[in-house]
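Undergrad: Just one file: structure.pdb, with PDB, C-alpha atoms, pLDDT in the B column.
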ATOM      1  CA  MET B   1      14.420 -62.241 -23.918  1.00 52.00           C
ATOM      2  CA  MET B   2      17.992 -61.175 -23.154  1.00 51.00           C
ATOM      3  CA  LYS B   3      18.251 -59.375 -26.508  1.00 52.00           C
ATOM      4  CA  VAL B   4      15.125 -57.361 -25.723  1.00 40.00           C
ATOM      5  CA  LEU B   5      16.574 -56.264 -22.356  1.00 41.00           C
ATOM      6  CA  TRP B   6      19.834 -55.193 -23.989  1.00 49.00           C
ATOM      7  CA  LEU B   7      17.921 -53.295 -26.643  1.00 43.00           C
ATOM      8  CA  LEU B   8      15.811 -51.495 -24.024  1.00 44.00           C
ATOM      9  CA  LEU B   9      18.947 -50.656 -22.027  1.00 45.00           C
ATOM     10  CA  ALA B  10      20.668 -49.283 -25.131  1.00 51.00           C
ATOM     11  CA  LEU B  11      17.612 -47.156 -25.982  1.00 48.00           C
ATOM     12  CA  MET B  12      17.447 -45.744 -22.450  1.00 54.00           C
ATOM     13  CA  LEU B  13      21.158 -44.868 -22.488  1.00 52.00           C
ATOM     14  CA  THR B  14      20.810 -43.197 -25.876  1.00 55.00           C
ATOM     15  CA  ALA B  15      17.887 -41.121 -24.636  1.00 54.00           C
ATOM     16  CA  CYS B  16      19.902 -40.036 -21.587  1.00 56.00           C
ATOM     17  CA  SER B  17      22.891 -38.983 -23.661  1.00 53.00           C
ATOM     18  CA  SER B  18      21.050 -36.616 -26.011  1.00 59.00           C
ATOM     19  CA  ALA B  19      21.339 -32.941 -25.166  1.00 66.00           C
ATOM     20  CA  PRO B  20      18.209 -31.317 -23.783  1.00 74.00           C
ATOM     21  CA  VAL B  21      16.364 -28.992 -26.091  1.00 78.00           C
ATOM     22  CA  LYS B  22      16.919 -25.363 -25.090  1.00 91.00           C
ATOM     23  CA  VAL B  23      13.663 -23.433 -24.792  1.00 93.00           C
ATOM     24  CA  GLN B  24      13.727 -19.630 -25.172  1.00 95.00           C
ATOM     25  CA  TYR B  25      11.079 -17.403 -23.576  1.00 95.00           C
ATOM     26  CA  TYR B  26      10.219 -13.901 -24.809  1.00 95.00           C
ATOM     27  CA  LEU B  27       8.348 -10.895 -23.427  1.00 94.00           C
ATOM     28  CA  LEU B  28       6.616  -8.509 -25.800  1.00 91.00           C
ATOM     29  CA  ASP B  29       6.639  -5.785 -23.161  1.00 83.00           C
ATOM     30  CA  GLU B  30      10.087  -4.339 -22.542  1.00 75.00           C
ATOM     31  CA  VAL B  31      11.530  -4.639 -19.069  1.00 67.00           C
ATOM     32  CA  SER B  32      12.880  -1.253 -18.033  1.00 61.00           C
ATOM     33  CA  SER B  33      14.758  -0.197 -14.923  1.00 47.00           C
ATOM     34  CA  GLU B  34      13.137   3.248 -15.154  1.00 52.00           C
ATOM     35  CA  MET B  35       9.524   4.140 -14.531  1.00 49.00           C
ATOM     36  CA  THR B  36       7.788   5.695 -17.522  1.00 47.00           C
ATOM     37  CA  GLN B  37       6.970   9.303 -16.781  1.00 46.00           C
ATOM     38  CA  THR B  38       5.203  11.997 -18.729  1.00 41.00           C
ATOM     39  CA  ASP B  39       4.823  15.733 -18.183  1.00 42.00           C
ATOM     40  CA  ALA B  40       1.136  15.331 -17.419  1.00 42.00           C
ATOM     41  CA  SER B  41       0.045  14.917 -13.833  1.00 46.00           C
ATOM     42  CA  PRO B  42      -2.325  12.046 -12.964  1.00 49.00           C
ATOM     43  CA  GLN B  43      -5.212  14.537 -12.767  1.00 50.00           C
ATOM     44  CA  THR B  44      -4.700  15.758 -16.365  1.00 53.00           C
ATOM     45  CA  LYS B  45      -4.233  12.332 -17.920  1.00 79.00           C
ATOM     46  CA  MET B  46      -7.052  11.025 -20.060  1.00 90.00           C
ATOM     47  CA  THR B  47      -8.040   7.562 -18.912  1.00 92.00           C
ATOM     48  CA  VAL B  48      -8.990   5.020 -21.533  1.00 94.00           C
ATOM     49  CA  SER B  49     -10.004   1.450 -20.741  1.00 95.00           C
ATOM     50  CA  LEU B  50      -8.875  -1.510 -22.798  1.00 95.00           C
ATOM     51  CA  ASP B  51     -12.318  -3.068 -22.822  1.00 91.00           C
ATOM     52  CA  LYS B  52     -11.681  -5.983 -25.182  1.00 93.00           C
ATOM     53  CA  LEU B  53      -8.557  -7.482 -26.689  1.00 96.00           C
ATOM     54  CA  ARG B  54      -9.320 -10.302 -29.101  1.00 97.00           C
ATOM     55  CA  LEU B  55      -6.573 -12.346 -30.706  1.00 97.00           C
ATOM     56  CA  ALA B  56      -6.894 -14.538 -33.762  1.00 97.00           C
ATOM     57  CA  LYS B  57      -7.297 -18.121 -32.633  1.00 96.00           C
ATOM     58  CA  TYR B  58      -3.801 -19.125 -33.749  1.00 96.00           C
ATOM     59  CA  LEU B  59      -2.308 -16.429 -31.477  1.00 97.00           C
ATOM     60  CA  ARG B  60      -4.037 -17.774 -28.363  1.00 96.00           C
ATOM     61  CA  GLN B  61      -1.192 -20.134 -27.550  1.00 95.00           C
ATOM     62  CA  ASN B  62       2.344 -19.597 -26.271  1.00 96.00           C
ATOM     63  CA  LYS B  63       4.436 -20.473 -29.334  1.00 96.00           C
ATOM     64  CA  LEU B  64       5.915 -17.831 -31.611  1.00 95.00           C
ATOM     65  CA  THR B  65       4.513 -18.083 -35.108  1.00 95.00           C
ATOM     66  CA  ILE B  66       5.854 -17.869 -38.636  1.00 94.00           C
ATOM     67  CA  LEU B  67       3.430 -17.189 -41.492  1.00 94.00           C
ATOM     68  CA  ASP B  68       4.116 -18.522 -44.964  1.00 93.00           C
ATOM     69  CA  GLY B  69       1.222 -17.448 -47.155  1.00 90.00           C
ATOM     70  CA  ASN B  70      -1.726 -19.211 -45.592  1.00 91.00           C
ATOM     71  CA  GLN B  71       0.373 -21.763 -43.687  1.00 94.00           C
ATOM     72  CA  LEU B  72       1.350 -21.384 -40.040  1.00 94.00           C
ATOM     73  CA  TYR B  73       4.468 -22.755 -38.375  1.00 94.00           C
ATOM     74  CA  PHE B  74       4.739 -22.822 -34.591  1.00 95.00           C
ATOM     75  CA  ALA B  75       8.153 -22.669 -32.931  1.00 93.00           C
ATOM     76  CA  ASN B  76       8.274 -25.350 -30.245  1.00 93.00           C
ATOM     77  CA  GLN B  77      11.409 -23.949 -28.574  1.00 95.00           C
ATOM     78  CA  HIS B  78      10.497 -20.229 -28.802  1.00 95.00           C
ATOM     79  CA  LEU B  79       7.654 -19.319 -26.472  1.00 96.00           C
ATOM     80  CA  TRP B  80       5.937 -16.263 -25.061  1.00 96.00           C
ATOM     81  CA  ALA B  81       6.733 -15.950 -21.352  1.00 95.00           C
ATOM     82  CA  GLU B  82       3.234 -14.617 -20.653  1.00 94.00           C
ATOM     83  CA  LYS B  83      -0.089 -14.676 -22.439  1.00 95.00           C
ATOM     84  CA  LEU B  84       0.156 -12.573 -25.568  1.00 95.00           C
ATOM     85  CA  GLU B  85      -2.968 -10.613 -24.537  1.00 94.00           C
ATOM     86  CA  GLN B  86      -1.172  -9.496 -21.360  1.00 94.00           C
ATOM     87  CA  GLY B  87       2.034  -8.624 -23.187  1.00 94.00           C
ATOM     88  CA  LEU B  88       0.163  -6.559 -25.774  1.00 95.00           C
ATOM     89  CA  ALA B  89      -1.885  -4.735 -23.135  1.00 95.00           C
ATOM     90  CA  HIS B  90       1.209  -3.906 -21.058  1.00 94.00           C
ATOM     91  CA  ALA B  91       3.180  -2.768 -24.102  1.00 95.00           C
ATOM     92  CA  LEU B  92       0.359  -0.536 -25.381  1.00 95.00           C
ATOM     93  CA  ALA B  93      -0.155   0.993 -21.935  1.00 94.00           C
ATOM     94  CA  ALA B  94       3.574   1.705 -21.571  1.00 94.00           C
ATOM     95  CA  ASP B  95       3.800   3.243 -25.049  1.00 94.00           C
ATOM     96  CA  LEU B  96       0.763   5.478 -24.575  1.00 94.00           C
ATOM     97  CA  ALA B  97       2.050   6.631 -21.178  1.00 92.00           C
ATOM     98  CA  ALA B  98       5.486   7.397 -22.630  1.00 92.00           C
ATOM     99  CA  GLN B  99       4.305   9.352 -25.677  1.00 90.00           C
ATOM    100  CA  SER B 100       1.103  11.037 -24.515  1.00 90.00           C
ATOM    101  CA  ALA B 101      -1.167  12.018 -21.643  1.00 89.00           C
ATOM    102  CA  ILE B 102      -3.262   8.877 -22.176  1.00 92.00           C
ATOM    103  CA  SER B 103      -3.455   6.272 -19.450  1.00 92.00           C
ATOM    104  CA  LEU B 104      -4.629   2.896 -20.782  1.00 94.00           C
ATOM    105  CA  LEU B 105      -6.332   0.950 -18.005  1.00 93.00           C
ATOM    106  CA  GLN B 106      -6.819  -2.791 -17.960  1.00 91.00           C
ATOM    107  CA  GLN B 107      -9.752  -4.646 -16.456  1.00 88.00           C
ATOM    108  CA  ASN B 108      -8.467  -4.896 -12.862  1.00 87.00           C
ATOM    109  CA  ASP B 109      -6.917  -1.415 -12.723  1.00 90.00           C
ATOM    110  CA  PRO B 110      -8.483   1.181 -10.414  1.00 92.00           C
ATOM    111  CA  GLY B 111     -10.613   3.614 -12.398  1.00 89.00           C
ATOM    112  CA  PHE B 112     -11.296   1.154 -15.220  1.00 90.00           C
ATOM    113  CA  GLU B 113     -15.067   1.585 -14.951  1.00 89.00           C
ATOM    114  CA  GLN B 114     -14.825   5.394 -14.851  1.00 89.00           C
ATOM    115  CA  ALA B 115     -12.599   5.742 -17.937  1.00 90.00           C
ATOM    116  CA  ALA B 116     -13.607   8.486 -20.357  1.00 87.00           C
ATOM    117  CA  LEU B 117     -13.375   6.178 -23.347  1.00 94.00           C
ATOM    118  CA  SER B 118     -12.926   2.480 -24.065  1.00 95.00           C
ATOM    119  CA  VAL B 119     -10.863   0.699 -26.694  1.00 97.00           C
ATOM    120  CA  GLN B 120     -11.774  -2.589 -28.293  1.00 97.00           C
ATOM    121  CA  LEU B 121      -8.853  -4.193 -30.109  1.00 98.00           C
ATOM    122  CA  LYS B 122      -8.761  -7.138 -32.511  1.00 98.00           C
ATOM    123  CA  ILE B 123      -5.410  -8.594 -33.589  1.00 98.00           C
ATOM    124  CA  ASP B 124      -5.570 -10.696 -36.759  1.00 97.00           C
ATOM    125  CA  HIS B 125      -1.826 -11.191 -37.213  1.00 97.00           C
ATOM    126  CA  LEU B 126       1.276 -10.658 -35.094  1.00 96.00           C
ATOM    127  CA  ALA B 127       4.005 -12.845 -36.521  1.00 95.00           C
ATOM    128  CA  ALA B 128       7.176 -13.168 -38.507  1.00 94.00           C
ATOM    129  CA  THR B 129       6.755 -14.104 -42.150  1.00 94.00           C
ATOM    130  CA  GLN B 130       8.718 -16.514 -44.274  1.00 93.00           C
ATOM    131  CA  ASP B 131       9.829 -13.660 -46.550  1.00 93.00           C
ATOM    132  CA  GLY B 132      11.748 -11.877 -43.760  1.00 94.00           C
ATOM    133  CA  ARG B 133       9.212  -9.430 -42.324  1.00 96.00           C
ATOM    134  CA  VAL B 134       7.156  -9.063 -39.173  1.00 97.00           C
ATOM    135  CA  ILE B 135       3.542  -7.967 -39.373  1.00 97.00           C
ATOM    136  CA  LEU B 136       0.876  -6.584 -37.059  1.00 98.00           C
ATOM    137  CA  GLN B 137      -2.629  -6.392 -38.514  1.00 98.00           C
ATOM    138  CA  GLY B 138      -6.063  -5.836 -37.049  1.00 98.00           C
ATOM    139  CA  GLN B 139      -8.652  -3.253 -36.075  1.00 98.00           C
ATOM    140  CA  PHE B 140      -9.606  -1.105 -33.129  1.00 98.00           C
ATOM    141  CA  TRP B 141     -12.764   0.701 -32.065  1.00 98.00           C
ATOM    142  CA  LEU B 142     -13.092   3.706 -29.755  1.00 97.00           C
ATOM    143  CA  VAL B 143     -16.320   3.505 -27.796  1.00 96.00           C
ATOM    144  CA  LYS B 144     -18.076   5.903 -25.421  1.00 94.00           C
ATOM    145  CA  ASP B 145     -21.439   5.200 -23.803  1.00 91.00           C
ATOM    146  CA  LYS B 146     -21.856   2.087 -25.994  1.00 90.00           C
ATOM    147  CA  GLN B 147     -21.474   4.140 -29.173  1.00 95.00           C
ATOM    148  CA  VAL B 148     -18.609   3.603 -31.582  1.00 96.00           C
ATOM    149  CA  LEU B 149     -16.911   6.959 -32.136  1.00 96.00           C
ATOM    150  CA  ALA B 150     -14.131   5.687 -34.383  1.00 96.00           C
ATOM    151  CA  ALA B 151     -13.141   2.447 -36.080  1.00 97.00           C
ATOM    152  CA  GLU B 152      -9.783   1.961 -37.758  1.00 98.00           C
ATOM    153  CA  ALA B 153      -7.843  -0.859 -39.342  1.00 98.00           C
ATOM    154  CA  PHE B 154      -4.080  -1.101 -39.047  1.00 98.00           C
ATOM    155  CA  ASN B 155      -1.500  -2.968 -41.080  1.00 98.00           C
ATOM    156  CA  PHE B 156       2.109  -2.515 -39.969  1.00 98.00           C
ATOM    157  CA  ALA B 157       5.117  -4.368 -41.341  1.00 97.00           C
ATOM    158  CA  SER B 158       8.844  -4.203 -40.837  1.00 96.00           C
ATOM    159  CA  GLU B 159      11.750  -5.896 -42.589  1.00 96.00           C
ATOM    160  CA  LEU B 160      13.892  -8.178 -40.453  1.00 94.00           C
ATOM    161  CA  GLN B 161      17.533  -7.095 -40.544  1.00 92.00           C
ATOM    162  CA  THR B 162      18.877 -10.299 -38.980  1.00 91.00           C
ATOM    163  CA  SER B 163      17.529 -13.774 -38.474  1.00 88.00           C
ATOM    164  CA  GLY B 164      16.371 -15.213 -35.194  1.00 90.00           C
ATOM    165  CA  PHE B 165      13.311 -15.079 -33.016  1.00 92.00           C
ATOM    166  CA  GLY B 166      14.875 -12.570 -30.593  1.00 92.00           C
ATOM    167  CA  HIS B 167      15.199  -9.994 -33.362  1.00 93.00           C
ATOM    168  CA  SER B 168      11.698 -10.845 -34.589  1.00 95.00           C
ATOM    169  CA  VAL B 169      10.209 -10.115 -31.147  1.00 95.00           C
ATOM    170  CA  LYS B 170      12.069  -6.776 -30.977  1.00 95.00           C
ATOM    171  CA  GLN B 171      10.635  -5.814 -34.367  1.00 96.00           C
ATOM    172  CA  GLN B 172       7.152  -6.902 -33.291  1.00 96.00           C
ATOM    173  CA  ARG B 173       7.550  -4.648 -30.247  1.00 96.00           C
ATOM    174  CA  LEU B 174       8.325  -1.712 -32.573  1.00 96.00           C
ATOM    175  CA  LEU B 175       5.131  -2.446 -34.492  1.00 97.00           C
ATOM    176  CA  VAL B 176       3.167  -2.251 -31.232  1.00 97.00           C
ATOM    177  CA  LYS B 177       4.700   1.225 -30.717  1.00 96.00           C
ATOM    178  CA  GLN B 178       3.341   2.199 -34.152  1.00 97.00           C
ATOM    179  CA  LEU B 179      -0.087   0.913 -33.138  1.00 97.00           C
ATOM    180  CA  ALA B 180       0.087   3.010 -29.951  1.00 97.00           C
ATOM    181  CA  LYS B 181       0.858   6.109 -32.071  1.00 97.00           C
ATOM    182  CA  GLN B 182      -2.114   5.448 -34.366  1.00 97.00           C
ATOM    183  CA  LEU B 183      -4.343   4.849 -31.359  1.00 96.00           C
ATOM    184  CA  GLN B 184      -3.112   8.084 -29.745  1.00 95.00           C
ATOM    185  CA  ARG B 185      -3.819  10.116 -32.895  1.00 95.00           C
ATOM    186  CA  SER B 186      -7.327   8.650 -33.136  1.00 96.00           C
ATOM    187  CA  ILE B 187      -8.099   9.424 -29.498  1.00 94.00           C
ATOM    188  CA  GLU B 188      -6.765  12.987 -29.801  1.00 92.00           C
ATOM    189  CA  ARG B 189      -8.964  13.617 -32.889  1.00 92.00           C
ATOM    190  CA  LEU B 190     -12.151  12.951 -30.906  1.00 88.00           C
TER
END
So that I can check it, write out the structure of this file as structure tokens.

TA:
Amino acid sequence: MMKVLWLLLALMLTACSSAPVKVQYYLLDEVSSEMTQTDASPQTKMTVSLDKLRLAKYLRQNKLTILDGNQLYFANQHLWAEKLEQGLAHALAADLAAQSAISLLQQNDPGFEQAALSVQLKIDHLAATQDGRVILQGQFWLVKDKQVLAAEAFNFASELQTSGFGHSVKQQRLLVKQLAKQLQRSIERL
């Protein structure tokens, strides 16, 4: 009995002496000290609602992901600080506001119901890959009065210049900027 107590005490002391695991949190949307402004006044901006944003099932959790072929690896110490849907919506809205006269409204934003056009977005992949790239793949649809006016697929990739999840998130953010540019061009063609 005494040996068991000593063993339990030794195990508890060992557990107390190990260093805690450091968890890193990441935002997809950039935090800026400046407000994004465009030359267009609020009256001349085109309002577009982000009607649906669907993520692949594996992206509906808070861990950053690495793809290796058809295998997924989830980083237990590298987490999204907010739901990825929110981060993507905020990033797209900021990018569209910065580069165009398009205001992307989310569900609880004033004017959402009166938007001239709605966007439905499906994200199949947003991850780093084992071969040193980051990818953003999916589709979007532009809809007006329940009719699809345009449907486009996108497939963006970027080489990672350095290792680490921080750099990976920065590169993923740049891919979202590319998606915003493609979305802008599609809206302007209508």

Undergrad: With all atoms listed in the file as the atoms that count, which of B:Leu72, B:Val21, B:Ala56, B:Ala89 lies nearest to Gln106 (chain B)?

TA: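 The closest residue to Gln106 (chain B) is B:Ala89.
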
Undergrad: What lies within 6 Å of region 58-65 of chain B using only C-alpha atoms, ignoring chain neighbours under 3 positions off, as a PyMOL selection string?

TA: chain B and resi 55+73-75+78-80+127

Undergrad: Here's the selection I'm unsure about, the PyMOL selection byres ((chain B and resi 114) around 12); applied to the file above, which residues does it give, as a PyMOL selection string?

TA: chain B and resi 46-49+51+105-107+109-113+115-118+144-145

Undergrad: Name the residues, using the chain letters and numbers of the file, that sit within 9 Å of (2.5, -12.5, -24.6) when counting only C-alpha atoms, and give them as a ChimeraX atom specification.

TA: /B:26-29,61-62,79-88

Undergrad: Restrict the selected residues to C-alpha atoms and save them as a PDB file, keeping the file's coordinate frame.

TA:
ATOM      1  CA  TYR B  26      10.219 -13.901 -24.809  1.00 95.00           C
ATOM      2  CA  LEU B  27       8.348 -10.895 -23.427  1.00 94.00           C
ATOM      3  CA  LEU B  28       6.616  -8.509 -25.800  1.00 91.00           C
ATOM      4  CA  ASP B  29       6.639  -5.785 -23.161  1.00 83.00           C
ATOM      5  CA  GLN B  61      -1.192 -20.134 -27.550  1.00 95.00           C
ATOM      6  CA  ASN B  62       2.344 -19.597 -26.271  1.00 96.00           C
ATOM      7  CA  LEU B  79       7.654 -19.319 -26.472  1.00 96.00           C
ATOM      8  CA  TRP B  80       5.937 -16.263 -25.061  1.00 96.00           C
ATOM      9  CA  ALA B  81       6.733 -15.950 -21.352  1.00 95.00           C
ATOM     10  CA  GLU B  82       3.234 -14.617 -20.653  1.00 94.00           C
ATOM     11  CA  LYS B  83      -0.089 -14.676 -22.439  1.00 95.00           C
ATOM     12  CA  LEU B  84       0.156 -12.573 -25.568  1.00 95.00           C
ATOM     13  CA  GLU B  85      -2.968 -10.613 -24.537  1.00 94.00           C
ATOM     14  CA  GLN B  86      -1.172  -9.496 -21.360  1.00 94.00           C
ATOM     15  CA  GLY B  87       2.034  -8.624 -23.187  1.00 94.00           C
ATOM     16  CA  LEU B  88       0.163  -6.559 -25.774  1.00 95.00           C
TER      17      LEU B  88
END

Undergrad: Determine the nearest neighbour of Ala180 (chain B) from the options B:Gly69, B:Gly132, B:Phe156, B:Val143, counting only C-alpha atoms.

TA: B:Phe156

Undergrad: Between CA of Val176 (chain B) and CA of Lys52 (chain B), measure the distance and give it in Å to one decimal.

TA: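 CA of Val176 (chain B) sits 16.5 Å away from CA of Lys52 (chain B).
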
Undergrad: Please, what distance in Å, to one decimal, runs between CA of Gln172 (chain B) and CA of Ile123 (chain B)?

TA: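 These atoms are spaced 12.7 Å apart.
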
Undergrad: Take CA of Ala94 (chain B) and CA of Arg173 (chain B) and report the distance between them in Å, one decimal.

TA: 11.5 Å

Undergrad: Using only C-alpha atoms for the distances, tell me which of B:Val148, B:Val134, B:Ala153, B:Leu67 is nearest to Leu179 (chain B).

TA: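 Result for the nearest residue to Leu179 (chain B): B:Ala153.
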
Undergrad: Compile the contact shell of Ile135 (chain B) as a ChimeraX atom specification: residues with an atom at most 9 Å away, counting all atoms listed in the file, same-chain residues fewer than 2 positions apart removed.

TA: /B:125-129,133,137,155-158,171-172,175

Undergrad: In terms of the shortest atom-to-atom distance over all atoms listed in the file, which of B:Leu50, B:Leu92, B:Ile102, B:Leu174 is closest to Leu142 (chain B)?

TA: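 Ranked by minimum distance to Leu142 (chain B), first place goes to B:Leu50.
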
Undergrad: Choose the residue, out of B:Ala150, B:Ser168, B:Thr162, B:Gln139, that has the smallest atom-to-atom separation from Arg189 (chain B); count only C-alpha atoms.

TA: B:Ala150

Undergrad: On this file, the PyMOL selection byres ((chain B and resi 23) around 6) gives some set of residues; write that set as a PyMOL selection string.

TA: chain B and resi 22+24+77

Undergrad: Let me make sure I understand: among B:Ala93, B:Ala98, B:Leu136, B:Leu121, which one has the smallest atom-to-atom distance to Val169 (chain B) if we use all atoms listed in the file?

TA: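 Among B:Ala93, B:Ala98, B:Leu136, B:Leu121, it is B:Leu136 that comes nearest to Val169 (chain B).
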
Undergrad: Work out where the centre of an axis-aligned box around every listed atom of region 150-157 of chain B lies and how long its edges are once 5 Å is added on each side; give both in Å to one decimal as AutoDock Vina command-line options.

TA:
--center_x -4.5 --center_y 0.7 --center_z -37.9 --size_x 29.2 --size_y 20.1 --size_z 17.0

Undergrad: Can you spit out region 173-184 of chain B with N, CA, C and O atoms, as an mmCIF file, in the first residue's frame, from the structure just given?

TA:
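Dumped to selection.cif:
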data_model
loop_
_atom_site.group_PDB
_atom_site.id
_atom_site.type_symbol
_atom_site.label_atom_id
_atom_site.label_comp_id
_atom_site.auth_asym_id
_atom_site.auth_seq_id
_atom_site.Cartn_x
_atom_site.Cartn_y
_atom_site.Cartn_z
ATOM 1 N N ARG B 173 -4.512 34.466 -45.736
ATOM 2 C CA ARG B 173 -5.178 35.772 -45.802
ATOM 3 C C ARG B 173 -4.991 36.398 -47.188
ATOM 4 O O ARG B 173 -5.911 37.006 -47.740
ATOM 5 N N LEU B 174 -3.792 36.231 -47.770
ATOM 6 C CA LEU B 174 -3.547 36.747 -49.122
ATOM 7 C C LEU B 174 -4.407 36.029 -50.160
ATOM 8 O O LEU B 174 -4.835 36.630 -51.144
ATOM 9 N N LEU B 175 -4.667 34.756 -49.939
ATOM 10 C CA LEU B 175 -5.537 34.013 -50.852
ATOM 11 C C LEU B 175 -6.976 34.526 -50.767
ATOM 12 O O LEU B 175 -7.683 34.574 -51.780
ATOM 13 N N VAL B 176 -7.408 34.913 -49.576
ATOM 14 C CA VAL B 176 -8.746 35.491 -49.425
ATOM 15 C C VAL B 176 -8.834 36.810 -50.195
ATOM 16 O O VAL B 176 -9.850 37.117 -50.811
ATOM 17 N N LYS B 177 -7.748 37.591 -50.207
ATOM 18 C CA LYS B 177 -7.710 38.827 -51.007
ATOM 19 C C LYS B 177 -7.889 38.501 -52.493
ATOM 20 O O LYS B 177 -8.578 39.220 -53.214
ATOM 21 N N GLN B 178 -7.268 37.412 -52.954
ATOM 22 C CA GLN B 178 -7.438 37.013 -54.358
ATOM 23 C C GLN B 178 -8.882 36.619 -54.638
ATOM 24 O O GLN B 178 -9.426 36.942 -55.703
ATOM 25 N N LEU B 179 -9.504 35.937 -53.684
ATOM 26 C CA LEU B 179 -10.918 35.578 -53.841
ATOM 27 C C LEU B 179 -11.777 36.837 -53.920
ATOM 28 O O LEU B 179 -12.684 36.924 -54.753
ATOM 29 N N ALA B 180 -11.484 37.832 -53.087
ATOM 30 C CA ALA B 180 -12.240 39.089 -53.121
ATOM 31 C C ALA B 180 -12.101 39.761 -54.487
ATOM 32 O O ALA B 180 -13.079 40.303 -55.020
ATOM 33 N N LYS B 181 -10.903 39.714 -55.079
ATOM 34 C CA LYS B 181 -10.708 40.307 -56.416
ATOM 35 C C LYS B 181 -11.528 39.566 -57.466
ATOM 36 O O LYS B 181 -12.141 40.186 -58.335
ATOM 37 N N GLN B 182 -11.541 38.237 -57.416
ATOM 38 C CA GLN B 182 -12.335 37.471 -58.379
ATOM 39 C C GLN B 182 -13.821 37.754 -58.188
ATOM 40 O O GLN B 182 -14.559 37.920 -59.161
ATOM 41 N N LEU B 183 -14.252 37.831 -56.950
ATOM 42 C CA LEU B 183 -15.644 38.133 -56.654
ATOM 43 C C LEU B 183 -16.015 39.531 -57.167
ATOM 44 O O LEU B 183 -17.065 39.714 -57.794
ATOM 45 N N GLN B 184 -15.134 40.494 -56.947
ATOM 46 C CA GLN B 184 -15.358 41.860 -57.435
ATOM 47 C C GLN B 184 -15.506 41.884 -58.953
ATOM 48 O O GLN B 184 -16.439 42.492 -59.486
#
